[in-house]
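Undergrad: My structure file target_12.tsv, TSV, C-alpha atoms and all ligand atoms, is below:
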chain	number	residue	atom	x	y	z
A	81	MET	CA	89.07	231.75	122.97
A	82	VAL	CA	91.73	233.71	124.88
A	83	TYR	CA	90.28	235.20	128.06
A	84	PHE	CA	93.35	235.80	130.23
A	85	PHE	CA	93.63	239.48	129.34
A	86	MET	CA	89.92	240.20	129.46
A	87	SER	CA	87.93	242.18	131.96
A	88	LYS	CA	84.54	240.62	132.59
A	89	ASP	CA	81.66	242.64	131.14
A	90	CYS	CA	83.96	245.01	129.19
A	91	ILE	CA	82.40	245.68	125.80
A	92	PHE	CA	85.77	246.32	124.09
A	93	CYS	CA	87.26	243.12	125.55
A	94	LYS	CA	84.31	241.30	123.96
A	95	ILE	CA	85.05	242.94	120.62
A	96	VAL	CA	88.75	242.00	120.91
A	97	SER	CA	87.86	238.37	121.71
A	98	GLY	CA	85.36	238.21	118.82
A	99	ASP	CA	82.35	237.72	121.10
A	100	LEU	CA	80.90	240.98	119.73
A	101	PRO	CA	81.21	242.16	116.11
A	102	CYS	CA	83.02	245.27	114.93
A	103	ASP	CA	83.83	247.05	111.69
A	104	LYS	CA	87.56	246.34	111.76
A	105	VAL	CA	89.97	248.91	110.31
A	106	MET	CA	93.32	247.42	111.34
A	107	GLU	CA	94.85	244.84	113.67
A	108	THR	CA	98.36	244.36	115.03
A	109	GLU	CA	99.82	242.05	117.67
A	110	ASN	CA	98.64	244.22	120.56
A	111	PHE	CA	96.02	246.58	119.10
A	112	LEU	CA	92.73	246.52	117.28
A	113	ALA	CA	91.19	249.48	115.44
A	114	PHE	CA	87.49	249.54	114.56
A	115	LYS	CA	84.84	252.08	113.57
A	116	ASP	CA	83.00	253.85	116.37
A	117	ILE	CA	79.43	252.53	116.43
A	118	ASN	CA	78.13	256.07	116.97
A	119	GLY	CA	80.79	258.05	115.13
A	120	LYS	CA	80.89	261.83	115.44
A	121	ALA	CA	82.02	262.07	111.82
A	122	PRO	CA	82.37	259.65	108.89
A	123	GLY	CA	85.42	257.44	109.44
A	124	HIS	CA	85.50	257.92	113.25
A	125	THR	CA	87.70	255.05	114.45
A	126	LEU	CA	88.83	253.75	117.84
A	127	VAL	CA	92.26	252.23	118.49
A	128	VAL	CA	92.23	249.91	121.51
A	129	PRO	CA	94.89	247.77	123.18
A	130	LYS	CA	93.86	244.11	123.14
A	131	LYS	CA	94.78	243.83	126.79
A	132	HIS	CA	92.38	245.53	129.19
A	133	TYR	CA	93.72	248.81	130.57
A	134	GLU	CA	91.19	251.20	132.06
A	135	ASN	CA	93.00	254.34	130.92
A	136	PHE	CA	96.22	255.62	129.39
A	137	LEU	CA	98.12	255.75	132.69
A	138	GLU	CA	97.55	252.01	133.21
A	139	MET	CA	99.01	250.96	129.87
A	140	ASP	CA	102.44	249.34	129.77
A	141	GLU	CA	104.99	251.87	128.43
A	142	SER	CA	106.44	249.23	126.11
A	143	LEU	CA	103.25	249.63	124.01
A	144	TYR	CA	103.59	253.38	123.45
A	145	LYS	CA	105.33	253.13	120.08
A	146	GLU	CA	103.05	250.47	118.64
A	147	PHE	CA	100.04	252.49	119.84
A	148	MET	CA	101.16	255.62	117.99
A	149	ASP	CA	102.25	253.67	114.92
A	150	VAL	CA	98.80	252.10	114.66
A	151	ALA	CA	97.12	255.47	115.29
A	152	GLY	CA	99.12	257.04	112.46
A	153	GLU	CA	98.37	254.24	110.01
A	154	VAL	CA	94.69	254.28	110.90
A	155	ALA	CA	94.54	258.05	110.45
A	156	VAL	CA	96.07	257.86	106.97
A	157	LYS	CA	93.69	255.06	106.02
A	158	VAL	CA	90.44	256.66	107.22
A	159	LEU	CA	91.34	260.15	105.96
A	160	LYS	CA	91.81	258.66	102.50
A	161	GLU	CA	88.57	256.73	102.83
A	162	VAL	CA	86.46	259.80	103.62
A	163	GLY	CA	88.45	262.36	101.60
A	164	ALA	CA	89.55	264.49	104.56
A	165	GLU	CA	92.90	266.05	105.47
A	166	SER	CA	92.28	267.03	109.10
A	167	PHE	CA	91.51	264.92	112.14
A	168	ASN	CA	91.14	264.99	115.91
A	169	MET	CA	93.06	262.41	117.91
A	170	LEU	CA	92.01	262.14	121.53
A	171	ILE	CA	91.74	259.97	124.61
A	172	ASN	CA	89.16	260.57	127.33
A	173	ASN	CA	90.63	259.39	130.63
A	174	GLY	CA	88.12	259.13	133.49
A	175	ARG	CA	84.46	259.96	133.90
A	176	ALA	CA	84.99	263.72	134.35
A	177	ALA	CA	86.89	263.78	131.04
A	178	GLY	CA	83.98	262.12	129.24
A	179	GLN	CA	85.13	258.49	129.27
A	180	VAL	CA	82.15	256.14	129.11
A	181	VAL	CA	83.85	252.89	128.07
A	182	PHE	CA	86.49	252.02	130.65
A	183	HIS	CA	88.85	250.19	128.32
A	184	LEU	CA	91.52	252.54	126.98
A	185	HIS	CA	90.78	253.77	123.45
A	186	LEU	CA	92.10	256.50	121.19
A	187	HIS	CA	89.59	258.31	118.98
A	188	ILE	CA	90.58	259.27	115.45
A	189	ILE	CA	87.97	261.61	114.00
A	190	PRO	CA	88.35	262.90	110.42
A	191	ARG	CA	87.39	266.58	110.04
A	192	LYS	CA	86.46	268.80	107.13
A	193	GLU	CA	86.34	272.60	106.96
A	194	GLY	CA	83.08	273.86	108.43
A	195	ASP	CA	81.75	270.38	109.26
A	196	GLY	CA	80.38	271.74	112.54
A	197	TYR	CA	80.98	268.58	114.57
A	198	GLU	CA	81.33	269.23	118.29
A	199	ILE	CA	84.13	267.15	119.78
A	200	ASP	CA	84.06	266.97	123.58
A	301	LIG	P1	84.52	257.51	125.37
A	301	LIG	O1	83.54	258.60	125.68
A	301	LIG	O2	85.87	258.06	125.03
A	301	LIG	O3	84.56	256.43	126.43
A	301	LIG	O4	84.00	256.86	124.02
A	301	LIG	C1	83.42	255.60	123.92
A	301	LIG	C2	83.08	255.41	122.47
A	301	LIG	O5	82.82	254.03	122.25
A	301	LIG	C3	81.83	256.18	122.01
A	301	LIG	O6	82.19	257.06	120.96
A	301	LIG	C4	80.89	255.07	121.55
A	301	LIG	O7	80.13	255.44	120.42
A	301	LIG	C5	81.85	253.93	121.26
A	301	LIG	N1	81.27	252.60	121.35
A	301	LIG	C6	80.52	252.09	122.35
A	301	LIG	N2	80.18	250.81	122.10
A	301	LIG	C7	80.74	250.49	120.90
A	301	LIG	C8	80.75	249.32	120.10
A	301	LIG	N3	80.13	248.19	120.45
A	301	LIG	N4	81.43	249.36	118.93
A	301	LIG	C9	82.06	250.49	118.54
A	301	LIG	N5	82.09	251.63	119.25
A	301	LIG	C10	81.44	251.63	120.43
Go through the file and emit its structure as structure tokens.
Ligand code: AMP
TA:
Amino acid sequence: MVYFFMSKDCIFCKIVSGDLPCDKVMETENFLAFKDINGKAPGHTLVVPKKHYENFLEMDESLYKEFMDVAGEVAVKVLKEVGAESFNMLINNGRAAGQVVFHLHLHIIPRKEGDGYEID
């Protein structure tokens, strides 16, 4: 088990290390994408860096490209899976912005016309 990049008691670090299960969508060297356990829409997926960063500003800039590449691939994959063409892509940074899990994650939320989901 590799613990050197983990933050104790972080739920997403435990998913990355395999200590907690997830519904995996994609994995690369530095990122893991898995379905949101309480998705706002079918296919709602989170892309997380394997290393613990609390928010986007903490993440090493060298990971920017891989982050967006994974996000794009995940979006294409889940849109196909649920038969949607639109999606929200968002990061909540900090409590006031709605962040509740303090391990950086990007939400990809497939959308359909008139689905009525409220994305905050
Ligand atoms: P945020 O408000 O941006 O911090 O979003 C945190 C997201 O993590 C929420 O949408 C939760 O449903 C999701 N979440 C929390 N625990 C888990 C888990 N064990 N597996 C998958 N998603 C989770």
Undergrad: Just the number, please: distance in Å from CA of Leu159 (chain A) to CA of Phe92 (chain A), one decimal.
TA: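 Interatomic distance here is 23.5 Å.
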Undergrad: Any chance you could tabulate, as JSON lines, the residues of chain A at most 6 Å from ligand LIG 301 (chain A) with each one's nearest atom pair and distance in Å to one decimal, using all atoms listed in the file, in chain and rising number order?
TA:
{"residue": "A:Cys102", "atom": "CA", "partner": "A:LIG301", "partner_atom": "N4", "distance": 5.9}
{"residue": "A:Lys115", "atom": "CA", "partner": "A:LIG301", "partner_atom": "C9", "distance": 5.9}
{"residue": "A:Asp116", "atom": "CA", "partner": "A:LIG301", "partner_atom": "N5", "distance": 3.7}
{"residue": "A:Ile117", "atom": "CA", "partner": "A:LIG301", "partner_atom": "C9", "distance": 3.9}
{"residue": "A:Asn118", "atom": "CA", "partner": "A:LIG301", "partner_atom": "O7", "distance": 4.0}
{"residue": "A:Gly119", "atom": "CA", "partner": "A:LIG301", "partner_atom": "O7", "distance": 5.9}
{"residue": "A:Asn172", "atom": "CA", "partner": "A:LIG301", "partner_atom": "O2", "distance": 4.7}
{"residue": "A:Gly178", "atom": "CA", "partner": "A:LIG301", "partner_atom": "O1", "distance": 5.0}
{"residue": "A:Gln179", "atom": "CA", "partner": "A:LIG301", "partner_atom": "O3", "distance": 3.6}
{"residue": "A:Val180", "atom": "CA", "partner": "A:LIG301", "partner_atom": "O3", "distance": 3.6}
{"residue": "A:Val181", "atom": "CA", "partner": "A:LIG301", "partner_atom": "O3", "distance": 4.0}
Undergrad: Axis-aligned box over every listed atom of region 155-158 of chain A, padded by 8 Å per side: centre and edges in Å to one decimal, as lines of an AutoDock Vina configuration file?
TA:
center_x = 93.3
center_y = 256.6
center_z = 108.2
size_x = 21.6
size_y = 19.0
size_z = 20.4
Undergrad: To one decimal place in Å, what is the distance between CA of Lys120 (chain A) and CA of Lys192 (chain A)?
TA: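 These atoms are spaced 12.2 Å apart.
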Undergrad: For Lys130 (chain A), which residue out of A:Ala155, A:Ile91, A:Met86, A:Val150 is the nearest one, using all atoms listed in the file?
TA: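 Closest to Lys130 (chain A) of all the choices is A:Met86.
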Undergrad: Work out how far CA of Asn173 (chain A) is from CA of Glu141 (chain A), in Å to one decimal.
TA: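 So the two atoms, CA of Glu141 (chain A) and CA of Asn173 (chain A), lie 16.4 Å apart.
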Undergrad: Which residues are close to Asn135 (chain A), i.e. within 7 Å by all atoms listed in the file, leaving aside same-chain residues fewer than 3 positions away? Reply as JSON, numbers by chain.
TA: {"A": [138, 139, 173, 182, 183, 184]}
Undergrad: Tell me which protein, DNA and RNA residues are within 12 Å of Asp140 (chain A), counting only C-alpha atoms, leaving out same-chain ones fewer than 6 positions away, and put them as a PyMOL selection string.
TA: chain A and resi 110+129+131-134+146-147+184
Undergrad: Using all atoms listed in the file, which of the listed residues (A:Ala121, A:Leu143, A:Ala176, A:Asn168) sits closest to Gly196 (chain A)?
TA: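 Closest to Gly196 (chain A), using all atoms listed in the file: A:Ala121.
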Undergrad: Of the candidates A:Leu137, A:Ala164, A:Ile171, A:Val154, which one gets nearest to Phe114 (chain A) if we count only C-alpha atoms?
TA: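 Smallest separation from Phe114 (chain A) among the options: A:Val154.
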Undergrad: Rank A:His185, A:Asp103, A:Gly152, A:Asp89 by their smallest atom-to-atom distance to Gly123 (chain A), using all atoms listed in the file, and report the top residue only.
TA: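 Ranked by minimum distance to Gly123 (chain A), first place goes to A:Asp103.
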Undergrad: With all atoms listed in the file as the atoms that count, which of A:Ile188, A:Glu107, A:Asp195, A:Gly98 lies nearest to Val156 (chain A)?
TA: A:Ile188
Undergrad: Any chance you could build region 171-182 of chain A out to all heavy atoms and write it as a PDB file, keeping the file's coordinate frame?
TA:
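Saved to selection-v5.pdb:
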ATOM      1  N   ILE A 171      92.050 261.020 123.640  1.00  0.00           N
ATOM      2  CA  ILE A 171      91.740 259.970 124.610  1.00  0.00           C
ATOM      3  C   ILE A 171      91.019 260.628 125.780  1.00  0.00           C
ATOM      4  O   ILE A 171      91.528 261.604 126.357  1.00  0.00           O
ATOM      5  CB  ILE A 171      93.021 259.289 125.139  1.00  0.00           C
ATOM      6  CG1 ILE A 171      93.807 258.636 124.006  1.00  0.00           C
ATOM      7  CG2 ILE A 171      92.658 258.245 126.205  1.00  0.00           C
ATOM      8  CD1 ILE A 171      95.167 258.068 124.440  1.00  0.00           C
ATOM      9  N   ASN A 172      89.855 260.129 126.121  1.00  0.00           N
ATOM     10  CA  ASN A 172      89.160 260.570 127.330  1.00  0.00           C
ATOM     11  C   ASN A 172      89.581 259.635 128.456  1.00  0.00           C
ATOM     12  O   ASN A 172      89.395 258.418 128.352  1.00  0.00           O
ATOM     13  CB  ASN A 172      87.640 260.499 127.126  1.00  0.00           C
ATOM     14  CG  ASN A 172      87.164 261.413 126.008  1.00  0.00           C
ATOM     15  OD1 ASN A 172      87.677 262.508 125.842  1.00  0.00           O
ATOM     16  ND2 ASN A 172      86.194 260.961 125.234  1.00  0.00           N
ATOM     17  N   ASN A 173      90.168 260.192 129.496  1.00  0.00           N
ATOM     18  CA  ASN A 173      90.630 259.390 130.630  1.00  0.00           C
ATOM     19  C   ASN A 173      89.825 259.755 131.876  1.00  0.00           C
ATOM     20  O   ASN A 173      90.019 260.835 132.440  1.00  0.00           O
ATOM     21  CB  ASN A 173      92.119 259.623 130.898  1.00  0.00           C
ATOM     22  CG  ASN A 173      92.983 259.102 129.778  1.00  0.00           C
ATOM     23  OD1 ASN A 173      93.233 257.908 129.680  1.00  0.00           O
ATOM     24  ND2 ASN A 173      93.443 259.990 128.907  1.00  0.00           N
ATOM     25  N   GLY A 174      88.916 258.886 132.284  1.00  0.00           N
ATOM     26  CA  GLY A 174      88.120 259.130 133.490  1.00  0.00           C
ATOM     27  C   GLY A 174      86.775 259.767 133.177  1.00  0.00           C
ATOM     28  O   GLY A 174      86.606 260.434 132.151  1.00  0.00           O
ATOM     29  N   ARG A 175      85.849 259.524 134.085  1.00  0.00           N
ATOM     30  CA  ARG A 175      84.460 259.960 133.900  1.00  0.00           C
ATOM     31  C   ARG A 175      84.360 261.475 133.672  1.00  0.00           C
ATOM     32  O   ARG A 175      83.646 261.927 132.777  1.00  0.00           O
ATOM     33  CB  ARG A 175      83.668 259.579 135.166  1.00  0.00           C
ATOM     34  CG  ARG A 175      82.218 259.249 134.918  1.00  0.00           C
ATOM     35  CD  ARG A 175      81.552 258.709 136.180  1.00  0.00           C
ATOM     36  NE  ARG A 175      82.103 257.444 136.637  1.00  0.00           N
ATOM     37  CZ  ARG A 175      81.758 256.250 136.170  1.00  0.00           C
ATOM     38  NH1 ARG A 175      80.846 256.153 135.228  1.00  0.00           N
ATOM     39  NH2 ARG A 175      82.309 255.137 136.632  1.00  0.00           N
ATOM     40  N   ALA A 176      85.093 262.256 134.457  1.00  0.00           N
ATOM     41  CA  ALA A 176      84.990 263.720 134.350  1.00  0.00           C
ATOM     42  C   ALA A 176      85.524 264.220 133.011  1.00  0.00           C
ATOM     43  O   ALA A 176      85.196 265.329 132.567  1.00  0.00           O
ATOM     44  CB  ALA A 176      85.750 264.392 135.496  1.00  0.00           C
ATOM     45  N   ALA A 177      86.339 263.405 132.353  1.00  0.00           N
ATOM     46  CA  ALA A 177      86.890 263.780 131.040  1.00  0.00           C
ATOM     47  C   ALA A 177      86.028 263.228 129.904  1.00  0.00           C
ATOM     48  O   ALA A 177      86.389 263.336 128.733  1.00  0.00           O
ATOM     49  CB  ALA A 177      88.324 263.259 130.911  1.00  0.00           C
ATOM     50  N   GLY A 178      84.899 262.605 130.268  1.00  0.00           N
ATOM     51  CA  GLY A 178      83.980 262.120 129.240  1.00  0.00           C
ATOM     52  C   GLY A 178      84.124 260.659 128.870  1.00  0.00           C
ATOM     53  O   GLY A 178      83.476 260.193 127.926  1.00  0.00           O
ATOM     54  N   GLN A 179      84.965 259.917 129.594  1.00  0.00           N
ATOM     55  CA  GLN A 179      85.130 258.490 129.270  1.00  0.00           C
ATOM     56  C   GLN A 179      83.872 257.730 129.697  1.00  0.00           C
ATOM     57  O   GLN A 179      83.406 257.866 130.837  1.00  0.00           O
ATOM     58  CB  GLN A 179      86.354 257.910 130.002  1.00  0.00           C
ATOM     59  CG  GLN A 179      86.661 256.467 129.594  1.00  0.00           C
ATOM     60  CD  GLN A 179      87.961 255.946 130.216  1.00  0.00           C
ATOM     61  OE1 GLN A 179      88.557 256.585 131.085  1.00  0.00           O
ATOM     62  NE2 GLN A 179      88.392 254.785 129.753  1.00  0.00           N
ATOM     63  N   VAL A 180      83.326 256.953 128.771  1.00  0.00           N
ATOM     64  CA  VAL A 180      82.150 256.140 129.110  1.00  0.00           C
ATOM     65  C   VAL A 180      82.434 254.641 128.967  1.00  0.00           C
ATOM     66  O   VAL A 180      81.749 253.829 129.574  1.00  0.00           O
ATOM     67  CB  VAL A 180      80.893 256.538 128.302  1.00  0.00           C
ATOM     68  CG1 VAL A 180      80.470 257.957 128.628  1.00  0.00           C
ATOM     69  CG2 VAL A 180      81.097 256.379 126.822  1.00  0.00           C
ATOM     70  N   VAL A 181      83.430 254.299 128.164  1.00  0.00           N
ATOM     71  CA  VAL A 181      83.850 252.890 128.070  1.00  0.00           C
ATOM     72  C   VAL A 181      85.216 252.800 128.743  1.00  0.00           C
ATOM     73  O   VAL A 181      86.188 253.426 128.294  1.00  0.00           O
ATOM     74  CB  VAL A 181      83.937 252.408 126.605  1.00  0.00           C
ATOM     75  CG1 VAL A 181      84.490 250.987 126.550  1.00  0.00           C
ATOM     76  CG2 VAL A 181      82.567 252.479 125.930  1.00  0.00           C
ATOM     77  N   PHE A 182      85.271 252.022 129.824  1.00  0.00           N
ATOM     78  CA  PHE A 182      86.490 252.020 130.650  1.00  0.00           C
ATOM     79  C   PHE A 182      87.484 250.946 130.235  1.00  0.00           C
ATOM     80  O   PHE A 182      87.938 250.127 131.043  1.00  0.00           O
ATOM     81  CB  PHE A 182      86.095 251.973 132.134  1.00  0.00           C
ATOM     82  CG  PHE A 182      85.480 253.278 132.552  1.00  0.00           C
ATOM     83  CD1 PHE A 182      84.123 253.493 132.392  1.00  0.00           C
ATOM     84  CD2 PHE A 182      86.273 254.328 132.994  1.00  0.00           C
ATOM     85  CE1 PHE A 182      83.556 254.733 132.714  1.00  0.00           C
ATOM     86  CE2 PHE A 182      85.719 255.563 133.307  1.00  0.00           C
ATOM     87  CZ  PHE A 182      84.359 255.760 133.166  1.00  0.00           C
TER      88      PHE A 182
END
